[in-house]
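> This is protein-v5.pdb, which holds PDB, C-alpha atoms:
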```
MODEL        1
ATOM      1  CA  PHE A   1      12.222 -30.432  -9.281
ATOM      2  CA  VAL A   2      10.721 -33.828  -9.849
ATOM      3  CA  VAL A   3      11.844 -37.023 -11.467
ATOM      4  CA  GLY A   4       8.887 -39.089 -12.603
ATOM      5  CA  LEU A   5       8.926 -42.844 -13.177
ATOM      6  CA  CYS A   6       6.220 -44.053 -15.546
ATOM      7  CA  LEU A   7       5.331 -47.724 -15.440
ATOM      8  CA  LEU A   8       3.200 -49.365 -18.123
ATOM      9  CA  LEU A   9       1.409 -52.005 -16.095
ATOM     10  CA  ALA A  10       1.376 -55.561 -17.326
ATOM     11  CA  THR A  11      -2.330 -56.038 -16.723
ATOM     12  CA  PHE A  12      -5.336 -56.537 -18.979
ATOM     13  CA  PRO A  13      -5.916 -54.265 -20.737
ATOM     14  CA  GLU A  14      -2.214 -53.800 -21.348
ATOM     15  CA  THR A  15      -2.283 -50.075 -21.899
ATOM     16  CA  THR A  16      -3.415 -49.046 -18.424
ATOM     17  CA  VAL A  17      -0.713 -46.658 -17.230
ATOM     18  CA  ALA A  18       0.393 -45.458 -13.819
ATOM     19  CA  PHE A  19       2.862 -42.860 -12.653
ATOM     20  CA  SER A  20       4.867 -42.826  -9.462
ATOM     21  CA  VAL A  21       6.300 -39.365  -9.000
ATOM     22  CA  ILE A  22       8.995 -38.816  -6.421
ATOM     23  CA  GLY A  23      10.380 -35.463  -5.288
ATOM     24  CA  LEU A  24      14.145 -35.386  -4.792
ATOM     25  CA  HIS A  25      15.062 -32.037  -3.289
ATOM     26  CA  GLY A  26      13.130 -31.586  -0.082
ATOM     27  CA  SER A  27      11.381 -28.228  -0.133
ATOM     28  CA  SER A  28      11.930 -27.913  -3.868
ATOM     29  CA  CYS A  29       9.780 -30.928  -4.607
ATOM     30  CA  LEU A  30       6.099 -31.583  -4.108
ATOM     31  CA  SER A  31       6.423 -31.836  -0.311
ATOM     32  CA  SER A  32       8.517 -34.994  -0.819
ATOM     33  CA  ASN A  33       5.327 -36.935  -1.398
ATOM     34  CA  ILE A  34       4.756 -39.811  -3.783
ATOM     35  CA  TYR A  35       1.835 -39.331  -6.150
ATOM     36  CA  SER A  36       0.174 -42.115  -8.115
ATOM     37  CA  CYS A  37      -2.627 -42.052 -10.617
ATOM     38  CA  HIS A  38      -3.957 -44.152 -13.469
ATOM     39  CA  SER A  39      -3.790 -41.730 -16.335
ATOM     40  CA  SER A  40      -0.777 -39.889 -17.645
ATOM     41  CA  ARG A  41      -3.124 -37.300 -19.172
ATOM     42  CA  SER A  42      -4.967 -36.473 -15.963
ATOM     43  CA  TYR A  43      -1.740 -36.500 -13.953
ATOM     44  CA  PHE A  44       0.126 -34.025 -16.103
ATOM     45  CA  GLN A  45      -2.899 -31.779 -16.361
ATOM     46  CA  HIS A  46      -2.626 -31.768 -12.563
ATOM     47  CA  ILE A  47       1.130 -31.345 -12.220
ATOM     48  CA  SER A  48       1.355 -28.596 -14.836
ATOM     49  CA  SER A  49      -0.821 -26.380 -12.614
ATOM     50  CA  LEU A  50       1.040 -27.099  -9.351
ATOM     51  CA  LYS A  51       3.327 -24.562  -7.745
ATOM     52  CA  MET A  52       6.697 -26.201  -7.096
ATOM     53  CA  GLY A  53       8.429 -25.704  -3.758
ATOM     54  CA  ILE A  54      10.795 -23.318  -5.495
ATOM     55  CA  LYS A  55       9.016 -21.390  -8.218
ATOM     56  CA  PHE A  56      10.799 -21.423 -11.552
ATOM     57  CA  GLU A  57      11.646 -17.802 -12.297
ATOM     58  CA  ASN A  58      14.061 -17.089 -15.112
ATOM     59  CA  PRO A  59      13.175 -14.212 -17.422
ATOM     60  CA  ASN A  60      15.729 -15.381 -19.992
ATOM     61  CA  ARG A  61      14.295 -18.791 -20.806
ATOM     62  CA  LYS A  62      11.464 -21.272 -20.359
ATOM     63  CA  MET A  63      11.429 -24.197 -17.959
ATOM     64  CA  ARG A  64      13.039 -27.209 -19.670
ATOM     65  CA  VAL A  65      11.484 -30.663 -19.326
ATOM     66  CA  ALA A  66      12.778 -33.918 -20.833
ATOM     67  CA  VAL A  67      10.485 -36.911 -21.197
ATOM     68  CA  VAL A  68      12.582 -40.058 -21.561
ATOM     69  CA  GLY A  69      10.613 -42.691 -23.489
ATOM     70  CA  GLY A  70       8.151 -42.269 -26.339
ATOM     71  CA  GLY A  71       5.532 -44.924 -25.608
ATOM     72  CA  PRO A  72       1.940 -44.145 -24.555
ATOM     73  CA  SER A  73       3.022 -42.846 -21.133
ATOM     74  CA  GLY A  74       5.838 -40.654 -22.360
ATOM     75  CA  SER A  75       4.010 -39.352 -25.416
ATOM     76  CA  SER A  76       0.948 -38.400 -23.387
ATOM     77  CA  ALA A  77       3.118 -36.645 -20.806
ATOM     78  CA  ALA A  78       5.032 -34.785 -23.513
ATOM     79  CA  GLU A  79       1.828 -33.661 -25.209
ATOM     80  CA  ILE A  80       0.398 -32.164 -22.023
ATOM     81  CA  LEU A  81       3.668 -30.471 -21.093
ATOM     82  CA  ALA A  82       4.108 -29.097 -24.627
ATOM     83  CA  ARG A  83       0.800 -27.256 -24.288
ATOM     84  CA  GLU A  84       2.248 -25.077 -21.551
ATOM     85  CA  PRO A  85       3.616 -21.887 -23.171
ATOM     86  CA  ASN A  86       6.368 -21.501 -20.574
ATOM     87  CA  ILE A  87       7.691 -25.069 -20.824
ATOM     88  CA  GLU A  88      10.225 -26.252 -23.382
ATOM     89  CA  THR A  89       9.525 -29.972 -23.809
ATOM     90  CA  TYR A  90      11.813 -32.663 -25.218
ATOM     91  CA  ILE A  91      10.803 -36.269 -25.915
ATOM     92  CA  ILE A  92      13.667 -38.770 -26.186
ATOM     93  CA  GLU A  93      13.018 -42.140 -27.844
ATOM     94  CA  ARG A  94      15.550 -44.626 -29.213
ATOM     95  CA  LYS A  95      13.269 -46.563 -31.568
ATOM     96  CA  MET A  96      10.770 -44.321 -33.302
ATOM     97  CA  ASP A  97       9.258 -47.321 -35.152
ATOM     98  CA  ASN A  98       9.402 -49.734 -32.221
ATOM     99  CA  ALA A  99       6.923 -52.639 -32.185
ATOM    100  CA  LYS A 100       6.661 -53.525 -28.514
ATOM    101  CA  PRO A 101       5.798 -57.147 -27.599
ATOM    102  CA  CYS A 102       2.369 -56.303 -26.252
ATOM    103  CA  GLY A 103      -1.143 -57.612 -26.853
ATOM    104  CA  GLY A 104      -2.201 -54.054 -27.668
ATOM    105  CA  ALA A 105      -5.664 -54.218 -26.101
ATOM    106  CA  ILE A 106      -7.082 -50.882 -24.940
ATOM    107  CA  PRO A 107     -10.353 -50.201 -23.097
ATOM    108  CA  LEU A 108     -13.174 -48.142 -24.520
ATOM    109  CA  CYS A 109     -12.606 -45.413 -21.916
ATOM    110  CA  MET A 110      -9.041 -44.887 -23.157
ATOM    111  CA  ILE A 111     -10.282 -44.204 -26.685
ATOM    112  CA  ASP A 112     -12.395 -41.341 -25.345
ATOM    113  CA  GLU A 113      -9.978 -40.016 -22.725
ATOM    114  CA  PHE A 114      -6.974 -39.965 -25.047
ATOM    115  CA  ASN A 115      -8.932 -38.973 -28.173
ATOM    116  CA  ILE A 116      -7.805 -42.046 -30.118
ATOM    117  CA  PRO A 117      -9.229 -41.976 -33.680
ATOM    118  CA  MET A 118     -10.963 -45.123 -34.855
ATOM    119  CA  GLU A 119      -8.464 -45.682 -37.664
ATOM    120  CA  ILE A 120      -5.890 -46.573 -34.985
ATOM    121  CA  ILE A 121      -8.116 -49.477 -33.856
ATOM    122  CA  ASP A 122      -7.426 -52.637 -35.870
ATOM    123  CA  ARG A 123     -10.261 -54.734 -34.463
ATOM    124  CA  LYS A 124     -13.242 -54.234 -32.179
ATOM    125  CA  VAL A 125     -13.302 -57.294 -29.956
ATOM    126  CA  ARG A 126     -16.666 -58.177 -28.442
ATOM    127  CA  LYS A 127     -15.997 -61.788 -27.494
ATOM    128  CA  MET A 128     -13.378 -63.174 -25.129
ATOM    129  CA  VAL A 129     -12.630 -66.850 -24.616
ATOM    130  CA  LEU A 130     -10.635 -68.066 -21.615
ATOM    131  CA  ILE A 131      -9.025 -71.488 -22.084
ATOM    132  CA  SER A 132      -8.061 -73.505 -19.010
ATOM    133  CA  PRO A 133      -4.987 -75.788 -18.806
ATOM    134  CA  THR A 134      -7.267 -78.748 -19.561
ATOM    135  CA  GLY A 135      -8.783 -77.074 -22.613
ATOM    136  CA  LYS A 136     -12.090 -76.059 -21.046
ATOM    137  CA  GLU A 137     -13.363 -72.832 -22.640
ATOM    138  CA  VAL A 138     -15.393 -70.084 -20.982
ATOM    139  CA  SER A 139     -16.826 -67.317 -23.160
ATOM    140  CA  PHE A 140     -17.485 -63.696 -22.208
ATOM    141  CA  GLY A 141     -19.041 -60.766 -24.004
ATOM    142  CA  ASN A 142     -22.660 -61.770 -24.480
ATOM    143  CA  SER A 143     -23.823 -58.938 -22.228
ATOM    144  CA  LEU A 144     -21.985 -56.185 -24.116
ATOM    145  CA  LYS A 145     -23.993 -53.402 -25.662
ATOM    146  CA  PRO A 146     -23.625 -52.916 -29.439
ATOM    147  CA  GLU A 147     -21.385 -49.883 -28.969
ATOM    148  CA  GLU A 148     -19.102 -51.583 -26.415
ATOM    149  CA  PHE A 149     -15.848 -53.314 -27.338
ATOM    150  CA  VAL A 150     -12.179 -53.751 -26.494
ATOM    151  CA  GLY A 151      -9.958 -52.032 -29.039
ATOM    152  CA  MET A 152      -7.088 -54.038 -30.522
ATOM    153  CA  THR A 153      -4.097 -52.062 -31.716
ATOM    154  CA  ARG A 154      -0.593 -52.552 -33.049
ATOM    155  CA  ARG A 155       1.720 -50.780 -30.645
ATOM    156  CA  GLU A 156       3.875 -49.306 -33.403
ATOM    157  CA  VAL A 157       0.725 -47.654 -34.802
ATOM    158  CA  LEU A 158      -0.698 -46.498 -31.452
ATOM    159  CA  ASP A 159       2.642 -45.312 -30.081
ATOM    160  CA  GLY A 160       3.514 -43.571 -33.333
ATOM    161  CA  PHE A 161       0.219 -41.685 -33.367
ATOM    162  CA  LEU A 162       0.566 -40.486 -29.770
ATOM    163  CA  ARG A 163       4.200 -39.506 -30.302
ATOM    164  CA  ARG A 164       3.448 -37.553 -33.498
ATOM    165  CA  ARG A 165       0.624 -35.738 -31.726
ATOM    166  CA  ALA A 166       3.006 -34.698 -28.944
ATOM    167  CA  ILE A 167       5.507 -33.429 -31.515
ATOM    168  CA  VAL A 168       2.849 -31.494 -33.440
ATOM    169  CA  THR A 169       1.770 -29.944 -30.136
ATOM    170  CA  GLY A 170       5.290 -28.658 -29.637
ATOM    171  CA  ALA A 171       7.475 -31.335 -28.052
ATOM    172  CA  ARG A 172      10.959 -31.486 -29.572
ATOM    173  CA  PRO A 173      11.822 -35.052 -30.650
ATOM    174  CA  ILE A 174      15.244 -36.582 -30.069
ATOM    175  CA  ASN A 175      15.916 -39.966 -31.653
ATOM    176  CA  GLY A 176      18.361 -40.983 -28.977
ATOM    177  CA  LEU A 177      19.350 -43.467 -26.287
ATOM    178  CA  VAL A 178      19.838 -42.111 -22.774
ATOM    179  CA  THR A 179      22.992 -43.563 -21.247
ATOM    180  CA  SER A 180      23.116 -41.753 -17.903
ATOM    181  CA  ILE A 181      21.742 -38.797 -15.963
ATOM    182  CA  ASP A 182      23.763 -36.523 -13.688
ATOM    183  CA  LEU A 183      21.789 -35.178 -10.750
ATOM    184  CA  PRO A 184      22.097 -31.478  -9.868
ATOM    185  CA  ALA A 185      25.563 -30.628  -8.557
ATOM    186  CA  GLY A 186      25.679 -30.480  -4.788
ATOM    187  CA  ASN A 187      22.039 -31.526  -4.640
ATOM    188  CA  SER A 188      21.187 -27.954  -5.577
ATOM    189  CA  PRO A 189      17.457 -27.227  -5.947
ATOM    190  CA  THR A 190      18.148 -24.838  -8.836
ATOM    191  CA  ALA A 191      20.964 -26.548 -10.765
ATOM    192  CA  PRO A 192      19.932 -28.590 -13.823
ATOM    193  CA  TYR A 193      19.886 -32.301 -14.515
ATOM    194  CA  THR A 194      22.348 -33.308 -17.248
ATOM    195  CA  ILE A 195      21.168 -36.064 -19.572
ATOM    196  CA  HIS A 196      23.851 -37.960 -21.470
ATOM    197  CA  TYR A 197      22.543 -39.655 -24.597
ATOM    198  CA  THR A 198      23.529 -41.013 -27.995
ATOM    199  CA  ASN A 199      21.822 -38.997 -30.725
ATOM    200  CA  PHE A 200      20.738 -41.053 -33.739
ATOM    201  CA  ASN A 201      18.873 -38.229 -35.512
ATOM    202  CA  ALA A 202      21.438 -37.899 -38.278
ATOM    203  CA  SER A 203      23.518 -41.073 -38.054
ATOM    204  CA  LYS A 204      23.049 -44.787 -37.531
ATOM    205  CA  GLN A 205      26.245 -44.806 -35.479
ATOM    206  CA  GLY A 206      25.012 -42.002 -33.253
ATOM    207  CA  THR A 207      26.876 -39.178 -31.593
ATOM    208  CA  PRO A 208      27.262 -38.588 -27.845
ATOM    209  CA  GLU A 209      25.493 -35.449 -26.662
ATOM    210  CA  THR A 210      24.184 -33.878 -23.454
ATOM    211  CA  LEU A 211      21.047 -31.956 -22.559
ATOM    212  CA  GLU A 212      20.484 -29.824 -19.471
ATOM    213  CA  VAL A 213      16.914 -29.690 -18.149
ATOM    214  CA  ASP A 214      15.046 -28.611 -15.047
ATOM    215  CA  LEU A 215      12.789 -31.639 -14.791
ATOM    216  CA  VAL A 216      12.992 -35.235 -16.012
ATOM    217  CA  VAL A 217      10.071 -37.572 -16.596
ATOM    218  CA  GLY A 218      10.999 -41.241 -16.810
ATOM    219  CA  ALA A 219       8.820 -43.268 -19.157
ATOM    220  CA  ASP A 220      11.584 -45.555 -20.338
ATOM    221  CA  GLY A 221      10.283 -48.937 -19.299
ATOM    222  CA  ALA A 222      11.554 -51.804 -17.192
ATOM    223  CA  ASN A 223      15.268 -51.047 -17.649
ATOM    224  CA  SER A 224      14.737 -47.351 -16.940
ATOM    225  CA  ARG A 225      17.851 -45.176 -16.841
ATOM    226  CA  VAL A 226      15.772 -42.572 -15.024
ATOM    227  CA  ALA A 227      14.892 -45.078 -12.304
ATOM    228  CA  LYS A 228      18.571 -45.916 -11.943
ATOM    229  CA  ALA A 229      19.547 -42.251 -11.682
ATOM    230  CA  MET A 230      16.963 -41.542  -8.995
ATOM    231  CA  GLY A 231      17.981 -44.604  -6.967
ATOM    232  CA  ALA A 232      14.699 -46.473  -7.342
ATOM    233  CA  GLY A 233      16.419 -49.684  -6.259
ATOM    234  CA  GLU A 234      15.338 -53.178  -7.205
ATOM    235  CA  TYR A 235      11.818 -53.653  -8.512
ATOM    236  CA  ASN A 236       9.990 -56.487 -10.186
ATOM    237  CA  PHE A 237       8.852 -56.257 -13.797
ATOM    238  CA  ALA A 238       7.345 -58.454 -16.461
ATOM    239  CA  ILE A 239       8.630 -59.249 -19.924
ATOM    240  CA  ALA A 240       6.673 -60.426 -22.943
ATOM    241  CA  TYR A 241       7.273 -62.384 -26.132
ATOM    242  CA  GLN A 242       4.956 -62.115 -29.120
ATOM    243  CA  GLU A 243       4.794 -63.509 -32.635
ATOM    244  CA  ARG A 244       2.680 -61.915 -35.360
ATOM    245  CA  VAL A 245       1.018 -64.720 -37.329
ATOM    246  CA  ARG A 246      -0.797 -64.243 -40.635
ATOM    247  CA  LEU A 247      -3.557 -66.855 -40.966
ATOM    248  CA  PRO A 248      -5.442 -68.283 -43.926
ATOM    249  CA  GLU A 249      -8.603 -66.288 -44.569
ATOM    250  CA  ASP A 250     -10.976 -68.919 -43.197
ATOM    251  CA  ARG A 251      -9.075 -69.180 -39.912
ATOM    252  CA  MET A 252      -8.769 -65.413 -39.580
ATOM    253  CA  ARG A 253     -12.565 -65.112 -39.739
ATOM    254  CA  TYR A 254     -12.748 -66.953 -36.407
ATOM    255  CA  TYR A 255     -10.803 -64.095 -34.788
ATOM    256  CA  GLU A 256     -12.728 -61.302 -36.512
ATOM    257  CA  ASP A 257     -14.086 -59.922 -33.222
ATOM    258  CA  LEU A 258     -12.782 -62.542 -30.783
ATOM    259  CA  ALA A 259      -9.719 -62.732 -28.531
ATOM    260  CA  GLU A 260      -8.390 -65.692 -26.569
ATOM    261  CA  MET A 261      -6.547 -65.920 -23.247
ATOM    262  CA  TYR A 262      -4.764 -69.147 -22.299
ATOM    263  CA  LEU A 263      -4.260 -69.965 -18.631
ATOM    264  CA  GLY A 264      -1.884 -72.468 -17.049
ATOM    265  CA  HIS A 265       1.671 -72.791 -15.770
ATOM    266  CA  ASP A 266       2.736 -74.258 -19.091
ATOM    267  CA  VAL A 267       2.185 -70.914 -20.873
ATOM    268  CA  SER A 268       3.017 -68.635 -17.914
ATOM    269  CA  PRO A 269       3.465 -69.201 -14.168
ATOM    270  CA  ASP A 270       2.030 -65.781 -13.271
ATOM    271  CA  PHE A 271       0.482 -64.262 -16.371
ATOM    272  CA  TYR A 272      -1.419 -65.610 -19.375
ATOM    273  CA  GLY A 273      -0.964 -66.398 -23.027
ATOM    274  CA  TRP A 274      -3.000 -64.570 -25.665
ATOM    275  CA  VAL A 275      -4.187 -64.672 -29.234
ATOM    276  CA  PHE A 276      -5.354 -61.172 -30.110
ATOM    277  CA  PRO A 277      -6.559 -60.179 -33.587
ATOM    278  CA  LYS A 278      -4.818 -57.370 -35.462
ATOM    279  CA  TYR A 279      -5.417 -55.723 -38.819
ATOM    280  CA  ASP A 280      -4.660 -58.741 -41.049
ATOM    281  CA  HIS A 281      -3.055 -61.170 -38.595
ATOM    282  CA  VAL A 282      -3.075 -62.244 -34.933
ATOM    283  CA  GLY A 283      -0.652 -61.503 -32.123
ATOM    284  CA  VAL A 284       0.315 -64.658 -30.215
ATOM    285  CA  GLY A 285       2.254 -64.073 -27.037
ATOM    286  CA  THR A 286       2.828 -64.523 -23.346
ATOM    287  CA  GLY A 287       4.559 -62.796 -20.458
ATOM    288  CA  THR A 288       6.020 -63.431 -17.030
ATOM    289  CA  ALA A 289       7.553 -61.552 -14.137
ATOM    290  CA  CYS A 290       8.706 -64.428 -11.950
ATOM    291  CA  ASP A 291      10.496 -66.594 -14.555
ATOM    292  CA  ARG A 292      11.796 -64.234 -17.227
ATOM    293  CA  PRO A 293      14.668 -66.473 -18.466
ATOM    294  CA  ALA A 294      12.131 -69.141 -19.521
ATOM    295  CA  ILE A 295       9.960 -66.857 -21.683
ATOM    296  CA  LYS A 296      10.721 -68.754 -24.913
ATOM    297  CA  LYS A 297       9.719 -72.037 -23.255
ATOM    298  CA  TYR A 298       6.344 -70.571 -22.353
ATOM    299  CA  GLN A 299       5.911 -69.225 -25.877
ATOM    300  CA  ARG A 300       6.598 -72.692 -27.340
ATOM    301  CA  ALA A 301       3.986 -74.175 -25.026
ATOM    302  CA  LEU A 302       1.459 -71.550 -26.125
ATOM    303  CA  ARG A 303       2.141 -72.310 -29.777
ATOM    304  CA  GLU A 304       1.573 -76.009 -29.071
ATOM    305  CA  ARG A 305      -1.791 -75.299 -27.437
ATOM    306  CA  THR A 306      -2.862 -73.036 -30.298
ATOM    307  CA  ALA A 307      -1.466 -75.219 -33.083
ATOM    308  CA  ALA A 308      -4.814 -76.468 -34.408
ATOM    309  CA  LYS A 309      -6.447 -73.020 -34.563
ATOM    310  CA  LEU A 310      -3.366 -71.417 -36.099
ATOM    311  CA  ALA A 311      -2.641 -74.189 -38.609
ATOM    312  CA  GLY A 312      -1.329 -72.827 -41.884
ATOM    313  CA  GLY A 313      -0.260 -69.570 -40.284
ATOM    314  CA  GLU A 314       2.934 -67.741 -41.209
ATOM    315  CA  VAL A 315       5.040 -65.917 -38.636
ATOM    316  CA  ILE A 316       5.619 -62.441 -40.079
ATOM    317  CA  LYS A 317       7.257 -60.766 -37.081
ATOM    318  CA  VAL A 318       8.785 -61.721 -33.730
ATOM    319  CA  GLU A 319       8.784 -59.215 -30.855
ATOM    320  CA  ALA A 320      10.785 -59.835 -27.710
TER     321      ALA A 320
ENDMDL
END
```
Have the structure of the file written as structure tokens, please.

Amino acid sequence: FVVGLCLLLATFPETTVAFSVIGLHGSSCLSSNIYSCHSSRSYFQHISSLKMGIKFENPNRKMRVAVVGGGPSGSSAAEILAREPNIETYIIERKMDNAKPCGGAIPLCMIDEFNIPMEIIDRKVRKMVLISPTGKEVSFGNSLKPEEFVGMTRREVLDGFLRRRAIVTGARPINGLVTSIDLPAGNSPTAPYTIHYTNFNASKQGTPETLEVDLVVGADGANSRVAKAMGAGEYNFAIAYQERVRLPEDRMRYYEDLAEMYLGHDVSPDFYGWVFPKYDHVGVGTGTACDRPAIKKYQRALRERTAAKLAGGEVIKVEA
């Protein structure tokens, strides 16, 4: 049995994903090795064909797998697992309409690899401007071919599409919040994991329920309950803060196919600030891993540096 921890890396482009997969039960895991790769799709195509240390043999039921987290990592994992006829796949997500504070930029290769339809892409960015702390601007993108671009998405649209595709493929959705996970009793290689969660499928208040599974995939972000259950220990992570700003038409034209990245300790001590175009507005945000309590201070500084270009804009959504 395996518990997987999926980490959505805070790099540009934001939607690069990596998995660290750790076996827990000696001979019953994948030789107790740690596997890493850069694509949830390619990883689960690999893992679904592996023979576990103890082969799952139960003529009365399928192997049960729970994917905790319904973002790009979790949805992609659930889709691949749901294709296997002998796997019963569950995908657990608390906020089915969640708008994650993320720039939403995805590379061209991801569009092909994950079969992302073009209607999911809000803008095709072909120009990037880096702005230094002193205001010096450096432009990129002049060497791009006509068919090359960076896709800009809204995470609620991208995540929703990937999650729906996993469900259509066969994953069973649970609108729930995982509260804890009991490891197999006595460290048994054949006993199930017990997931405790609050089910919000039929009630805003939610009802406490449990689910027994043979394998758990953790794709539940920085405050992962799966990571806690598997004893992952302390690890560093980044947080982000983003405002959606609707601009006057003339100012929005400037960002038609252009994105900006702001550098400097005033907007982030270890990351960058961004202005990324969306469907009919821009996302303005920043992130940090080393000074998380000060995230709002960095966002205020970014808004000050972008004030002239965003003049007349209206904040339509705040994501934190």
> With all atoms listed in the file as the counted atoms, please give the residues lying no more than 12 Å from Pro101 in chain A, apart from itself and same-chain residues fewer than 2 positions off, as an NGL selection string.
:A and (10 or 14 or 98-99 or 103-105 or 153-156 or 238-244 or 274 or 283-287 or 317-320)
> Excluding Lys145 in chain A and any residue of its chain fewer than 5 positions from it, enumerate the residues within 12 Å of it, using only C-alpha atoms, and give them as a list of chain:residue names.
A:Arg126, A:Lys127, A:Val150
> Residues of range 64-154 of chain A within 7 Å of range 167-185 of chain A: nearest atom pair and distance (Å, one decimal) for each, counting all atoms listed in the file, sorted by chain and number, as CSV?

```
residue,atom,partner,partner_atom,distance
A:Ala78,CA,A:Ala171,CA,6.2
A:Glu79,CA,A:Thr169,CA,6.2
A:Ala82,CA,A:Gly170,CA,5.2
A:Arg83,CA,A:Thr169,CA,6.5
A:Thr89,CA,A:Ala171,CA,4.9
A:Tyr90,CA,A:Arg172,CA,4.6
A:Ile91,CA,A:Pro173,CA,5.0
A:Ile92,CA,A:Ile174,CA,4.7
A:Glu93,CA,A:Asn175,CA,5.3
A:Arg94,CA,A:Gly176,CA,4.6
A:Met96,CA,A:Asn175,CA,6.9
```
> What would the list of residues within 10 Å of (-2.6, -64.8, -34.7) (file frame) look like as a PyMOL selection string, if only C-alpha atoms are what count?
chain A and resi 242-247+251-252+255+259+274-278+280-285+306+309-310+313-315
> Mind giving me the straight-line distance from CA of Leu81 in chain A to CA of Thr190 in chain A in Å, one decimal?
19.8 Å
> Which residues match the PyMOL selection byres ((chain A and resi 298) around 8) in the file above, as a PyMOL selection string?
chain A and resi 266-268+286+294-297+299-302
> For the atom pair CA of Ala308 in chain A and CA of Leu144 in chain A, what is the interatomic distance in Å to one decimal place?
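Rounded to one decimal, the two atoms are 28.5 Å apart.
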> On this structure, which residues satisfy the PyMOL selection byres ((chain A and resi 121) around 9), written as an MDAnalysis selection string?
chainID A and resid 116:120 122:124 151:154 158 278:279
> What does the distance between CA of Leu211 in chain A and CA of His196 in chain A come to in Å, to one decimal place?
6.7 Å
